[in-house]
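Raw protein30.cif, mmCIF, C-alpha atoms and all ligand atoms:
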data_data
loop_
_atom_site.group_PDB
_atom_site.id
_atom_site.type_symbol
_atom_site.label_atom_id
_atom_site.label_comp_id
_atom_site.auth_asym_id
_atom_site.auth_seq_id
_atom_site.Cartn_x
_atom_site.Cartn_y
_atom_site.Cartn_z
ATOM 1 C CA MET A 1 -0.744 7.862 -11.045
ATOM 2 C CA ILE A 2 -4.429 6.975 -10.627
ATOM 3 C CA ASP A 3 -5.066 6.637 -14.367
ATOM 4 C CA ILE A 4 -2.040 4.350 -14.686
ATOM 5 C CA LEU A 5 -3.165 2.316 -11.699
ATOM 6 C CA VAL A 6 -6.689 1.930 -13.100
ATOM 7 C CA LYS A 7 -5.274 0.972 -16.509
ATOM 8 C CA GLU A 8 -3.023 -1.672 -14.945
ATOM 9 C CA ILE A 9 -5.883 -3.051 -12.843
ATOM 10 C CA GLN A 10 -7.975 -3.375 -15.991
ATOM 11 C CA LYS A 11 -5.151 -4.803 -18.085
ATOM 12 C CA LYS A 12 -4.307 -7.459 -15.518
ATOM 13 C CA ASP A 13 -7.953 -7.879 -14.577
ATOM 14 C CA ASN A 14 -6.866 -7.962 -10.976
ATOM 15 C CA PRO A 15 -7.456 -5.486 -8.099
ATOM 16 C CA THR A 16 -4.818 -7.159 -5.897
ATOM 17 C CA VAL A 17 -1.859 -5.389 -4.282
ATOM 18 C CA VAL A 18 0.966 -7.511 -2.939
ATOM 19 C CA GLY A 19 2.160 -6.154 0.388
ATOM 20 C CA LEU A 20 5.929 -6.373 0.652
ATOM 21 C CA ASP A 21 6.174 -6.559 4.448
ATOM 22 C CA PRO A 22 9.178 -8.849 4.859
ATOM 23 C CA ARG A 23 10.228 -10.172 8.255
ATOM 24 C CA LEU A 24 13.131 -12.487 8.883
ATOM 25 C CA ASN A 25 10.842 -15.338 9.861
ATOM 26 C CA PHE A 26 9.154 -15.088 6.440
ATOM 27 C CA VAL A 27 12.437 -15.281 4.538
ATOM 28 C CA PRO A 28 13.397 -18.826 3.528
ATOM 29 C CA THR A 29 16.505 -20.212 5.243
ATOM 30 C CA PHE A 30 18.499 -20.610 2.031
ATOM 31 C CA ILE A 31 18.137 -16.874 1.314
ATOM 32 C CA LYS A 32 19.057 -15.870 4.858
ATOM 33 C CA GLU A 33 22.112 -18.143 4.820
ATOM 34 C CA GLU A 34 23.378 -16.542 1.633
ATOM 35 C CA ALA A 35 22.839 -13.022 2.940
ATOM 36 C CA PHE A 36 24.353 -13.733 6.363
ATOM 37 C CA GLU A 37 27.355 -15.404 4.799
ATOM 38 C CA LYS A 38 28.089 -12.204 2.869
ATOM 39 C CA PHE A 39 27.229 -9.642 5.527
ATOM 40 C CA GLY A 40 26.879 -11.503 8.852
ATOM 41 C CA LYS A 41 23.836 -11.386 11.118
ATOM 42 C CA THR A 42 23.821 -7.607 10.838
ATOM 43 C CA PRO A 43 21.324 -5.003 9.633
ATOM 44 C CA LYS A 44 23.052 -5.239 6.260
ATOM 45 C CA GLY A 45 22.632 -9.040 6.230
ATOM 46 C CA ALA A 46 18.933 -8.740 7.133
ATOM 47 C CA SER A 47 18.373 -6.037 4.512
ATOM 48 C CA GLU A 48 20.136 -8.073 1.825
ATOM 49 C CA ALA A 49 17.913 -11.049 2.724
ATOM 50 C CA PHE A 50 14.800 -8.853 2.366
ATOM 51 C CA LEU A 51 15.912 -7.580 -1.010
ATOM 52 C CA MET A 52 16.616 -11.065 -2.388
ATOM 53 C CA PHE A 53 13.297 -12.296 -1.015
ATOM 54 C CA ASN A 54 11.379 -9.346 -2.483
ATOM 55 C CA LYS A 55 12.971 -9.797 -5.886
ATOM 56 C CA GLY A 56 11.851 -13.451 -5.897
ATOM 57 C CA ILE A 57 8.290 -12.443 -4.995
ATOM 58 C CA ILE A 58 8.208 -9.583 -7.522
ATOM 59 C CA ASP A 59 9.477 -11.854 -10.330
ATOM 60 C CA ALA A 60 6.727 -14.348 -9.504
ATOM 61 C CA VAL A 61 3.804 -11.894 -9.422
ATOM 62 C CA SER A 62 4.663 -8.926 -11.633
ATOM 63 C CA ASP A 63 2.691 -10.208 -14.629
ATOM 64 C CA LEU A 64 -0.378 -10.809 -12.441
ATOM 65 C CA VAL A 65 -0.798 -7.737 -10.238
ATOM 66 C CA PRO A 66 -0.908 -4.000 -10.902
ATOM 67 C CA ALA A 67 0.893 -2.830 -7.764
ATOM 68 C CA VAL A 68 2.990 -3.627 -4.727
ATOM 69 C CA LYS A 69 2.909 -1.975 -1.332
ATOM 70 C CA PRO A 70 6.189 -2.073 0.572
ATOM 71 C CA GLN A 71 5.614 -1.220 4.252
ATOM 72 C CA VAL A 72 8.519 1.014 5.286
ATOM 73 C CA ALA A 73 8.633 -0.018 8.978
ATOM 74 C CA MET A 74 9.810 -3.510 8.085
ATOM 75 C CA TYR A 75 12.883 -1.966 6.431
ATOM 76 C CA GLU A 76 13.355 1.108 8.603
ATOM 77 C CA GLN A 77 13.892 -0.994 11.732
ATOM 78 C CA TYR A 78 17.263 -2.007 10.236
ATOM 79 C CA GLY A 79 18.413 1.595 9.805
ATOM 80 C CA ALA A 80 20.161 2.926 6.725
ATOM 81 C CA GLU A 81 20.707 -0.563 5.272
ATOM 82 C CA GLY A 82 17.015 -1.338 5.640
ATOM 83 C CA ILE A 83 16.021 1.910 3.966
ATOM 84 C CA ASN A 84 18.395 1.075 1.154
ATOM 85 C CA ALA A 85 16.594 -2.269 0.692
ATOM 86 C CA TYR A 86 13.284 -0.343 0.624
ATOM 87 C CA ILE A 87 14.565 1.964 -2.114
ATOM 88 C CA GLU A 88 16.102 -0.921 -4.102
ATOM 89 C CA THR A 89 12.828 -2.852 -3.822
ATOM 90 C CA ILE A 90 10.966 0.133 -5.266
ATOM 91 C CA LYS A 91 13.450 0.447 -8.146
ATOM 92 C CA TYR A 92 13.208 -3.256 -8.943
ATOM 93 C CA ALA A 93 9.406 -3.335 -8.843
ATOM 94 C CA LYS A 94 9.195 -0.240 -11.047
ATOM 95 C CA LYS A 95 11.448 -1.852 -13.624
ATOM 96 C CA LYS A 96 8.966 -4.728 -13.695
ATOM 97 C CA GLY A 97 6.149 -2.284 -14.510
ATOM 98 C CA LEU A 98 4.485 -2.268 -11.104
ATOM 99 C CA VAL A 99 2.829 0.739 -9.500
ATOM 100 C CA ILE A 100 4.335 1.480 -6.080
ATOM 101 C CA ILE A 101 2.229 2.300 -3.061
ATOM 102 C CA GLY A 102 4.725 3.289 -0.371
ATOM 103 C CA ASP A 103 3.107 2.462 2.928
ATOM 104 C CA ILE A 104 4.752 5.160 5.034
ATOM 105 C CA LYS A 105 1.705 6.495 6.952
ATOM 106 C CA ARG A 106 3.302 9.870 7.539
ATOM 107 C CA GLY A 107 1.587 12.662 9.449
ATOM 108 C CA ASP A 108 3.183 15.827 10.841
ATOM 109 C CA ILE A 109 2.862 19.613 10.743
ATOM 110 C CA ALA A 110 3.189 21.465 7.484
ATOM 111 C CA THR A 111 6.931 22.159 7.259
ATOM 112 C CA THR A 112 7.839 18.621 8.289
ATOM 113 C CA ALA A 113 5.185 17.195 5.979
ATOM 114 C CA GLU A 114 6.827 19.129 3.155
ATOM 115 C CA ALA A 115 10.101 17.311 3.792
ATOM 116 C CA TYR A 116 8.412 13.898 3.859
ATOM 117 C CA SER A 117 6.443 14.777 0.770
ATOM 118 C CA ASP A 118 9.449 16.031 -1.216
ATOM 119 C CA GLY A 119 11.520 13.001 -0.243
ATOM 120 C CA HIS A 120 8.882 10.419 -1.093
ATOM 121 C CA ILE A 121 6.716 11.798 -3.897
ATOM 122 C CA GLY A 122 8.450 14.997 -4.991
ATOM 123 C CA LYS A 123 11.986 16.222 -5.413
ATOM 124 C CA VAL A 124 14.441 17.414 -2.783
ATOM 125 C CA ASP A 125 16.473 20.567 -3.328
ATOM 126 C CA ILE A 126 20.220 20.249 -3.033
ATOM 127 C CA GLU A 127 21.225 23.861 -3.560
ATOM 128 C CA ASP A 128 20.626 24.481 -7.268
ATOM 129 C CA GLU A 129 20.003 20.810 -8.057
ATOM 130 C CA GLN A 130 16.831 18.766 -7.535
ATOM 131 C CA CYS A 131 16.830 15.083 -6.791
ATOM 132 C CA ILE A 132 14.226 12.291 -6.701
ATOM 133 C CA VAL A 133 14.890 10.103 -3.664
ATOM 134 C CA TYR A 134 12.342 7.369 -2.830
ATOM 135 C CA ASP A 135 10.244 7.611 -5.980
ATOM 136 C CA GLU A 136 7.022 5.912 -4.886
ATOM 137 C CA ASP A 137 4.037 6.505 -7.201
ATOM 138 C CA SER A 138 1.792 6.996 -4.199
ATOM 139 C CA ILE A 139 2.038 6.862 -0.423
ATOM 140 C CA THR A 140 -0.190 6.400 2.595
ATOM 141 C CA ILE A 141 -0.604 9.350 4.972
ATOM 142 C CA ASN A 142 -2.426 10.087 8.216
ATOM 143 C CA PRO A 143 -4.768 13.125 7.954
ATOM 144 C CA TYR A 144 -5.583 13.531 11.615
ATOM 145 C CA LEU A 145 -3.428 16.685 11.931
ATOM 146 C CA GLY A 146 -5.648 18.553 9.487
ATOM 147 C CA TYR A 147 -5.327 20.085 6.041
ATOM 148 C CA ASP A 148 -2.087 22.032 6.494
ATOM 149 C CA SER A 149 -0.396 18.677 7.188
ATOM 150 C CA VAL A 150 -1.883 17.191 4.004
ATOM 151 C CA GLU A 151 -1.432 20.088 1.585
ATOM 152 C CA PRO A 152 2.311 19.530 0.926
ATOM 153 C CA TYR A 153 1.493 16.025 -0.321
ATOM 154 C CA ILE A 154 -1.371 17.260 -2.470
ATOM 155 C CA ASN A 155 0.947 19.837 -4.040
ATOM 156 C CA ASN A 156 3.394 17.128 -5.065
ATOM 157 C CA CYS A 157 0.551 14.970 -6.389
ATOM 158 C CA LYS A 158 -0.314 17.892 -8.689
ATOM 159 C CA ASN A 159 3.269 18.652 -9.688
ATOM 160 C CA PHE A 160 4.591 15.131 -10.151
ATOM 161 C CA ASN A 161 1.533 13.026 -11.024
ATOM 162 C CA ARG A 162 1.647 11.125 -7.739
ATOM 163 C CA GLY A 163 -1.122 9.776 -5.537
ATOM 164 C CA LEU A 164 -2.137 9.460 -1.916
ATOM 165 C CA PHE A 165 -4.069 6.935 0.086
ATOM 166 C CA ILE A 166 -5.253 8.799 3.170
ATOM 167 C CA LEU A 167 -6.213 6.845 6.306
ATOM 168 C CA VAL A 168 -9.964 7.126 6.775
ATOM 169 C CA LYS A 169 -11.133 3.915 8.476
ATOM 170 C CA THR A 170 -8.309 1.559 9.389
ATOM 171 C CA SER A 171 -8.581 -2.215 9.597
ATOM 172 C CA ASN A 172 -7.264 -2.743 13.128
ATOM 173 C CA PRO A 173 -9.653 -3.934 15.884
ATOM 174 C CA ASN A 174 -9.358 -0.723 17.976
ATOM 175 C CA SER A 175 -9.753 1.704 15.077
ATOM 176 C CA GLY A 176 -13.233 2.607 16.328
ATOM 177 C CA GLU A 177 -11.890 4.008 19.614
ATOM 178 C CA ILE A 178 -11.150 7.256 17.822
ATOM 179 C CA GLN A 179 -12.390 6.923 14.246
ATOM 180 C CA ASP A 180 -15.974 5.948 15.204
ATOM 181 C CA LEU A 181 -16.472 8.787 17.708
ATOM 182 C CA ILE A 182 -19.551 10.848 16.942
ATOM 183 C CA VAL A 183 -18.645 14.396 16.041
ATOM 184 C CA GLU A 184 -21.444 16.867 15.418
ATOM 185 C CA GLY A 185 -23.858 14.043 14.696
ATOM 186 C CA GLU A 186 -21.718 11.794 12.532
ATOM 187 C CA ALA A 187 -18.870 9.341 12.928
ATOM 188 C CA LEU A 188 -15.411 10.859 12.647
ATOM 189 C CA TYR A 189 -14.373 8.475 9.840
ATOM 190 C CA LYS A 190 -17.290 9.793 7.769
ATOM 191 C CA ARG A 191 -16.258 13.358 8.432
ATOM 192 C CA VAL A 192 -12.711 12.497 7.360
ATOM 193 C CA GLY A 193 -14.037 10.645 4.302
ATOM 194 C CA ARG A 194 -15.927 13.781 3.224
ATOM 195 C CA LEU A 195 -12.780 15.863 3.685
ATOM 196 C CA VAL A 196 -10.688 13.437 1.630
ATOM 197 C CA ASN A 197 -13.347 13.521 -1.079
ATOM 198 C CA LYS A 198 -13.229 17.323 -1.111
ATOM 199 C CA TRP A 199 -9.415 17.424 -1.154
ATOM 200 C CA GLY A 200 -9.433 15.096 -4.142
ATOM 201 C CA GLU A 201 -11.962 17.016 -6.231
ATOM 202 C CA GLU A 202 -9.393 19.002 -8.203
ATOM 203 C CA LEU A 203 -7.271 15.956 -8.962
ATOM 204 C CA ILE A 204 -9.701 13.751 -10.844
ATOM 205 C CA GLY A 205 -8.086 12.003 -13.792
ATOM 206 C CA ASN A 206 -9.422 10.665 -17.087
ATOM 207 C CA SER A 207 -10.449 7.452 -15.347
ATOM 208 C CA GLY A 208 -12.954 9.463 -13.282
ATOM 209 C CA TYR A 209 -10.997 8.708 -10.118
ATOM 210 C CA SER A 210 -8.950 11.124 -8.035
ATOM 211 C CA GLN A 211 -5.232 10.963 -7.320
ATOM 212 C CA ILE A 212 -6.343 11.250 -3.712
ATOM 213 C CA GLY A 213 -7.560 7.885 -2.444
ATOM 214 C CA ALA A 214 -8.457 6.518 0.959
ATOM 215 C CA VAL A 215 -7.439 3.622 3.171
ATOM 216 C CA VAL A 216 -10.562 1.716 4.190
ATOM 217 C CA GLY A 217 -10.187 -1.558 6.084
ATOM 218 C CA ALA A 218 -11.866 -4.681 4.737
ATOM 219 C CA THR A 219 -12.594 -5.702 8.320
ATOM 220 C CA HIS A 220 -15.246 -2.991 8.815
ATOM 221 C CA SER A 221 -17.777 -3.749 6.111
ATOM 222 C CA SER A 222 -20.672 -1.525 7.102
ATOM 223 C CA GLN A 223 -18.436 1.504 7.569
ATOM 224 C CA ALA A 224 -16.804 0.796 4.207
ATOM 225 C CA GLU A 225 -20.224 0.714 2.567
ATOM 226 C CA GLU A 226 -21.082 4.142 3.988
ATOM 227 C CA LEU A 227 -17.754 5.532 2.813
ATOM 228 C CA ARG A 228 -18.197 4.133 -0.696
ATOM 229 C CA GLU A 229 -21.414 6.093 -0.898
ATOM 230 C CA ILE A 230 -19.923 9.443 0.103
ATOM 231 C CA MET A 231 -16.620 9.042 -1.752
ATOM 232 C CA PRO A 232 -17.522 7.799 -5.247
ATOM 233 C CA ASN A 233 -14.412 9.240 -6.940
ATOM 234 C CA ASN A 234 -11.805 8.160 -4.426
ATOM 235 C CA TYR A 235 -9.977 4.896 -4.933
ATOM 236 C CA PHE A 236 -9.902 2.736 -1.788
ATOM 237 C CA LEU A 237 -6.783 0.907 -0.676
ATOM 238 C CA VAL A 238 -8.318 -1.971 1.247
ATOM 239 C CA PRO A 239 -6.148 -3.846 3.770
ATOM 240 C CA GLY A 240 -7.357 -6.631 6.038
ATOM 241 C CA TYR A 241 -7.962 -9.400 3.507
ATOM 242 C CA GLY A 242 -6.530 -12.809 4.430
ATOM 243 C CA ALA A 243 -4.287 -12.716 7.503
ATOM 244 C CA GLN A 244 -6.550 -10.188 9.321
ATOM 245 C CA GLY A 245 -9.610 -12.299 8.589
ATOM 246 C CA ALA A 246 -11.620 -10.303 6.026
ATOM 247 C CA THR A 247 -13.043 -12.184 3.044
ATOM 248 C CA ALA A 248 -13.963 -11.119 -0.477
ATOM 249 C CA LYS A 249 -17.639 -10.964 0.581
ATOM 250 C CA ASP A 250 -16.769 -8.495 3.357
ATOM 251 C CA LEU A 251 -15.000 -6.112 1.035
ATOM 252 C CA LYS A 252 -17.327 -6.267 -1.963
ATOM 253 C CA VAL A 253 -18.883 -3.029 -0.682
ATOM 254 C CA CYS A 254 -15.584 -1.207 -1.282
ATOM 255 C CA PHE A 255 -16.049 -1.455 -5.057
ATOM 256 C CA ASN A 256 -18.197 0.744 -7.247
ATOM 257 C CA LYS A 257 -20.752 -0.661 -9.681
ATOM 258 C CA ASP A 258 -18.162 -0.365 -12.482
ATOM 259 C CA GLY A 259 -16.108 -3.067 -10.712
ATOM 260 C CA LEU A 260 -13.433 -0.455 -9.985
ATOM 261 C CA GLY A 261 -12.790 1.823 -7.028
ATOM 262 C CA ALA A 262 -10.814 -0.506 -4.782
ATOM 263 C CA ILE A 263 -7.461 -2.222 -4.684
ATOM 264 C CA VAL A 264 -7.100 -4.932 -2.080
ATOM 265 C CA ASN A 265 -3.877 -5.580 -0.193
ATOM 266 C CA SER A 266 -2.628 -8.849 1.173
ATOM 267 C CA SER A 267 0.839 -9.041 2.679
ATOM 268 C CA ARG A 268 1.424 -12.124 4.862
ATOM 269 C CA GLY A 269 -1.222 -14.101 2.967
ATOM 270 C CA ILE A 270 0.898 -13.846 -0.177
ATOM 271 C CA ILE A 271 4.529 -13.459 0.808
ATOM 272 C CA ALA A 272 4.359 -16.165 3.475
ATOM 273 C CA ALA A 273 2.040 -18.471 1.523
ATOM 274 C CA TYR A 274 4.820 -21.058 1.283
ATOM 275 C CA LYS A 275 4.467 -21.713 5.033
ATOM 276 C CA ASN A 276 1.493 -23.871 4.064
ATOM 277 C CA ALA A 277 2.505 -27.541 4.423
ATOM 278 C CA LYS A 278 2.053 -28.254 0.711
ATOM 279 C CA TYR A 279 5.120 -26.159 -0.199
ATOM 280 C CA THR A 280 8.814 -26.259 0.600
ATOM 281 C CA GLU A 281 10.882 -23.144 1.296
ATOM 282 C CA LEU A 282 12.362 -23.377 -2.173
ATOM 283 C CA GLN A 283 8.860 -22.831 -3.556
ATOM 284 C CA PHE A 284 8.278 -19.488 -1.771
ATOM 285 C CA ALA A 285 7.856 -17.580 -5.044
ATOM 286 C CA GLU A 286 5.633 -20.201 -6.658
ATOM 287 C CA ALA A 287 3.478 -20.243 -3.515
ATOM 288 C CA ALA A 288 3.137 -16.445 -3.665
ATOM 289 C CA ARG A 289 2.095 -16.669 -7.310
ATOM 290 C CA GLU A 290 -0.523 -19.310 -6.531
ATOM 291 C CA ALA A 291 -1.815 -17.229 -3.606
ATOM 292 C CA VAL A 292 -2.235 -14.237 -5.939
ATOM 293 C CA ILE A 293 -4.138 -16.344 -8.473
ATOM 294 C CA GLU A 294 -6.425 -17.652 -5.704
ATOM 295 C CA MET A 295 -7.000 -14.130 -4.392
ATOM 296 C CA GLN A 296 -7.775 -12.820 -7.875
ATOM 297 C CA LYS A 297 -10.370 -15.587 -8.361
ATOM 298 C CA ASP A 298 -11.855 -14.919 -4.951
ATOM 299 C CA LEU A 299 -12.147 -11.157 -5.526
ATOM 300 C CA LYS A 300 -13.572 -11.598 -9.003
ATOM 301 C CA SER A 301 -16.229 -13.958 -7.675
ATOM 302 C CA VAL A 302 -17.857 -11.032 -5.828
ATOM 303 C CA LEU A 303 -17.451 -8.385 -8.527
HETATM 304 O O1 LIG B 1 -2.234 1.547 5.186
HETATM 305 C C1 LIG B 1 -2.242 0.313 5.198
HETATM 306 O O2 LIG B 1 -1.796 -0.323 4.263
HETATM 307 C C2 LIG B 1 -2.905 -0.370 6.318
HETATM 308 C C3 LIG B 1 -3.965 0.290 6.876
HETATM 309 C C4 LIG B 1 -4.825 -0.400 7.743
HETATM 310 O O3 LIG B 1 -5.859 0.102 8.155
HETATM 311 N N1 LIG B 1 -4.527 -1.681 8.071
HETATM 312 C C5 LIG B 1 -3.414 -2.328 7.577
HETATM 313 O O4 LIG B 1 -3.234 -3.520 7.891
HETATM 314 N N2 LIG B 1 -2.567 -1.655 6.752
HETATM 315 C C6 LIG B 1 -1.314 -2.299 6.266
HETATM 316 O O5 LIG B 1 -1.657 -3.394 5.421
HETATM 317 C C7 LIG B 1 -0.759 -4.484 5.631
HETATM 318 C C8 LIG B 1 -1.553 -5.681 6.109
HETATM 319 O O6 LIG B 1 -0.750 -6.816 6.147
HETATM 320 P P1 LIG B 1 -1.381 -8.292 6.250
HETATM 321 O O7 LIG B 1 -2.321 -8.281 7.420
HETATM 322 O O8 LIG B 1 -0.184 -9.173 6.461
HETATM 323 O O9 LIG B 1 -2.094 -8.566 4.961
HETATM 324 C C9 LIG B 1 0.302 -3.973 6.601
HETATM 325 O O10 LIG B 1 1.351 -3.397 5.826
HETATM 326 C C10 LIG B 1 -0.415 -2.877 7.352
HETATM 327 O O11 LIG B 1 0.464 -1.877 7.820
#

Could you spell out this file's structure in structure tokens?
Amino acid sequence: MIDILVKEIQKKDNPTVVGLDPRLNFVPTFIKEEAFEKFGKTPKGASEAFLMFNKGIIDAVSDLVPAVKPQVAMYEQYGAEGINAYIETIKYAKKKGLVIIGDIKRGDIATTAEAYSDGHIGKVDIEDEQCIVYDEDSITINPYLGYDSVEPYINNCKNFNRGLFILVKTSNPNSGEIQDLIVEGEALYKRVGRLVNKWGEELIGNSGYSQIGAVVGATHSSQAEELREIMPNNYFLVPGYGAQGATAKDLKVCFNKDGLGAIVNSSRGIIAAYKNAKYTELQFAEAAREAVIEMQKDLKSVL
């Protein structure tokens, strides 16, 4: 997965990930009306609206960006219908040549982790048959339960050429409450960064980067700089740009000298760009495309 991701980033000359975090108040009225007319104001109606909206966004940006990151919670809240929209979004984006980063942030003990891992990035056994279910290329996971909770994902990365982005230093304002605690003389996020680097050592691809990446928030620049230093081979998934306030200057430190090493997510800043007064609802996809082009320019200006 990592070599394909790096190739796509280079081909499109763009380290931007579009976050597919739909919410009903981001979906234009004309799409909601169509979905609700078919399925009512029900979980199925909401999920249909998300899928139509996502397809519009994907069509508008797929030639510009290497990857999309659907955030599962937005879909999961609508139950089975929502999950179906999540899976259909993945299928559609894959058909358009996009790398999928499933933002599922799973974390549990080993046996449970195995089930999550098989469902999302491996295969599930159905007696003598095996079946691919979600089919993301990579997923986000939480490592704070320790290695036995991470190993099942690493095994599937090896077996199925998948990738991980492991939470190391998250973008939210309170992330320091736990992640910045000093443990045996160094901040916990650094300790976790070193672990992630070690876990990724045996999965380094031709690009020089590991299938095992890290989530490092753009909103914590100095911590990101330290992590870049101790994790040279791990790709960073960098959230926090745009809606959470981080700028290209803040996240420059997430990149290596080769101009690679980080992929920057923006969700609301792209999918809800049409809320800006210069657009109408009908222009939601065009607005997303223009937001991606702006973001690409902005990121490239610091690389
Ligand atoms: O793993 C993530 O993607 C993630 C980690 C993190 O530290 N902070 C963070 O915001 N995210 C996700 O990145 C997206 C940010 O969305 P926007 O703030 O709208 O760009 C959401 O899907 C978050 O769940």

(Q) I'd like the neighbourhood of A:Leu251 as a PyMOL selection string, where a residue qualifies if any of its atoms comes within 9 Å (using all atoms listed in the file), though same-chain residues fewer than 5 positions away should be ignored. (A) chain A and resi 217-221+224-225+238+241+246+264+299+302

Please build the interface table for chain A against ligand LIG 1 (chain B) with a cut-off of 6 Å, listing for each qualifying residue the nearest atom pair and the distance in Å to one decimal; count only C-alpha atoms and all ligand atoms, order rows by chain and increasing number, and write it as JSON lines.
{"residue": "A:Asp21", "atom": "CA", "partner": "B:LIG1", "partner_atom": "O10", "distance": 5.9}
{"residue": "A:Gln71", "atom": "CA", "partner": "B:LIG1", "partner_atom": "O10", "distance": 5.0}
{"residue": "A:Asp103", "atom": "CA", "partner": "B:LIG1", "partner_atom": "O2", "distance": 5.8}
{"residue": "A:Thr140", "atom": "CA", "partner": "B:LIG1", "partner_atom": "O1", "distance": 5.9}
{"residue": "A:Thr170", "atom": "CA", "partner": "B:LIG1", "partner_atom": "O3", "distance": 3.1}
{"residue": "A:Ser171", "atom": "CA", "partner": "B:LIG1", "partner_atom": "O3", "distance": 3.9}
{"residue": "A:Asn172", "atom": "CA", "partner": "B:LIG1", "partner_atom": "N1", "distance": 5.8}
{"residue": "A:Val215", "atom": "CA", "partner": "B:LIG1", "partner_atom": "O1", "distance": 6.0}
{"residue": "A:Gly217", "atom": "CA", "partner": "B:LIG1", "partner_atom": "O3", "distance": 5.1}
{"residue": "A:Pro239", "atom": "CA", "partner": "B:LIG1", "partner_atom": "O5", "distance": 4.8}
{"residue": "A:Gly240", "atom": "CA", "partner": "B:LIG1", "partner_atom": "O7", "distance": 5.5}
{"residue": "A:Ala243", "atom": "CA", "partner": "B:LIG1", "partner_atom": "O7", "distance": 4.9}
{"residue": "A:Gln244", "atom": "CA", "partner": "B:LIG1", "partner_atom": "O7", "distance": 5.0}
{"residue": "A:Ser266", "atom": "CA", "partner": "B:LIG1", "partner_atom": "O9", "distance": 3.8}
{"residue": "A:Ser267", "atom": "CA", "partner": "B:LIG1", "partner_atom": "O9", "distance": 3.7}
{"residue": "A:Arg268", "atom": "CA", "partner": "B:LIG1", "partner_atom": "O8", "distance": 3.7}
{"residue": "A:Gly269", "atom": "CA", "partner": "B:LIG1", "partner_atom": "O9", "distance": 5.9}

Residues just named, written with C-alpha atoms as an mmCIF file, in the frame of the given file:
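Saved file part26.cif follows:
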data_model
loop_
_atom_site.group_PDB
_atom_site.id
_atom_site.type_symbol
_atom_site.label_atom_id
_atom_site.label_comp_id
_atom_site.auth_asym_id
_atom_site.auth_seq_id
_atom_site.Cartn_x
_atom_site.Cartn_y
_atom_site.Cartn_z
ATOM 1 C CA ASP A 21 6.174 -6.559 4.448
ATOM 2 C CA GLN A 71 5.614 -1.220 4.252
ATOM 3 C CA ASP A 103 3.107 2.462 2.928
ATOM 4 C CA THR A 140 -0.190 6.400 2.595
ATOM 5 C CA THR A 170 -8.309 1.559 9.389
ATOM 6 C CA SER A 171 -8.581 -2.215 9.597
ATOM 7 C CA ASN A 172 -7.264 -2.743 13.128
ATOM 8 C CA VAL A 215 -7.439 3.622 3.171
ATOM 9 C CA GLY A 217 -10.187 -1.558 6.084
ATOM 10 C CA PRO A 239 -6.148 -3.846 3.770
ATOM 11 C CA GLY A 240 -7.357 -6.631 6.038
ATOM 12 C CA ALA A 243 -4.287 -12.716 7.503
ATOM 13 C CA GLN A 244 -6.550 -10.188 9.321
ATOM 14 C CA SER A 266 -2.628 -8.849 1.173
ATOM 15 C CA SER A 267 0.839 -9.041 2.679
ATOM 16 C CA ARG A 268 1.424 -12.124 4.862
ATOM 17 C CA GLY A 269 -1.222 -14.101 2.967
#

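The nearest approach to A:Gly119 among the residues A:Tyr92, A:Asn156, A:Leu98, A:Pro70, with all atoms listed in the file taken into account, belongs to A:Asn156.
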
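Matched in the shown structure by the PyMOL selection byres (((chain A and resi 110-117) around 8) and not hetatm): Arg106, Gly107, Asp108, Ile109, Asp118, Gly119, His120, Ile121, Gly122, Val124, Asp148, Ser149, Val150, Glu151, Pro152, Tyr153 and Asn156 of chain A.
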
Just say which residues the PyMOL selection byres (((chain A and resi 214) around 10) and not hetatm) picks in this file, as a PDB file with C-alpha atoms, in the coordinates of the input.
ATOM      1  CA  THR A 140      -0.190   6.400   2.595  1.00  0.00           C
ATOM      2  CA  ILE A 141      -0.604   9.350   4.972  1.00  0.00           C
ATOM      3  CA  LEU A 164      -2.137   9.460  -1.916  1.00  0.00           C
ATOM      4  CA  PHE A 165      -4.069   6.935   0.086  1.00  0.00           C
ATOM      5  CA  ILE A 166      -5.253   8.799   3.170  1.00  0.00           C
ATOM      6  CA  LEU A 167      -6.213   6.845   6.306  1.00  0.00           C
ATOM      7  CA  VAL A 168      -9.964   7.126   6.775  1.00  0.00           C
ATOM      8  CA  LYS A 169     -11.133   3.915   8.476  1.00  0.00           C
ATOM      9  CA  THR A 170      -8.309   1.559   9.389  1.00  0.00           C
ATOM     10  CA  VAL A 192     -12.711  12.497   7.360  1.00  0.00           C
ATOM     11  CA  GLY A 193     -14.037  10.645   4.302  1.00  0.00           C
ATOM     12  CA  VAL A 196     -10.688  13.437   1.630  1.00  0.00           C
ATOM     13  CA  ASN A 197     -13.347  13.521  -1.079  1.00  0.00           C
ATOM     14  CA  GLN A 211      -5.232  10.963  -7.320  1.00  0.00           C
ATOM     15  CA  ILE A 212      -6.343  11.250  -3.712  1.00  0.00           C
ATOM     16  CA  GLY A 213      -7.560   7.885  -2.444  1.00  0.00           C
ATOM     17  CA  VAL A 215      -7.439   3.622   3.171  1.00  0.00           C
ATOM     18  CA  VAL A 216     -10.562   1.716   4.190  1.00  0.00           C
ATOM     19  CA  GLY A 217     -10.187  -1.558   6.084  1.00  0.00           C
ATOM     20  CA  LEU A 227     -17.754   5.532   2.813  1.00  0.00           C
ATOM     21  CA  MET A 231     -16.620   9.042  -1.752  1.00  0.00           C
ATOM     22  CA  ASN A 234     -11.805   8.160  -4.426  1.00  0.00           C
ATOM     23  CA  TYR A 235      -9.977   4.896  -4.933  1.00  0.00           C
ATOM     24  CA  PHE A 236      -9.902   2.736  -1.788  1.00  0.00           C
ATOM     25  CA  LEU A 237      -6.783   0.907  -0.676  1.00  0.00           C
ATOM     26  CA  VAL A 238      -8.318  -1.971   1.247  1.00  0.00           C
ATOM     27  CA  ALA A 262     -10.814  -0.506  -4.782  1.00  0.00           C
TER      28      ALA A 262
END
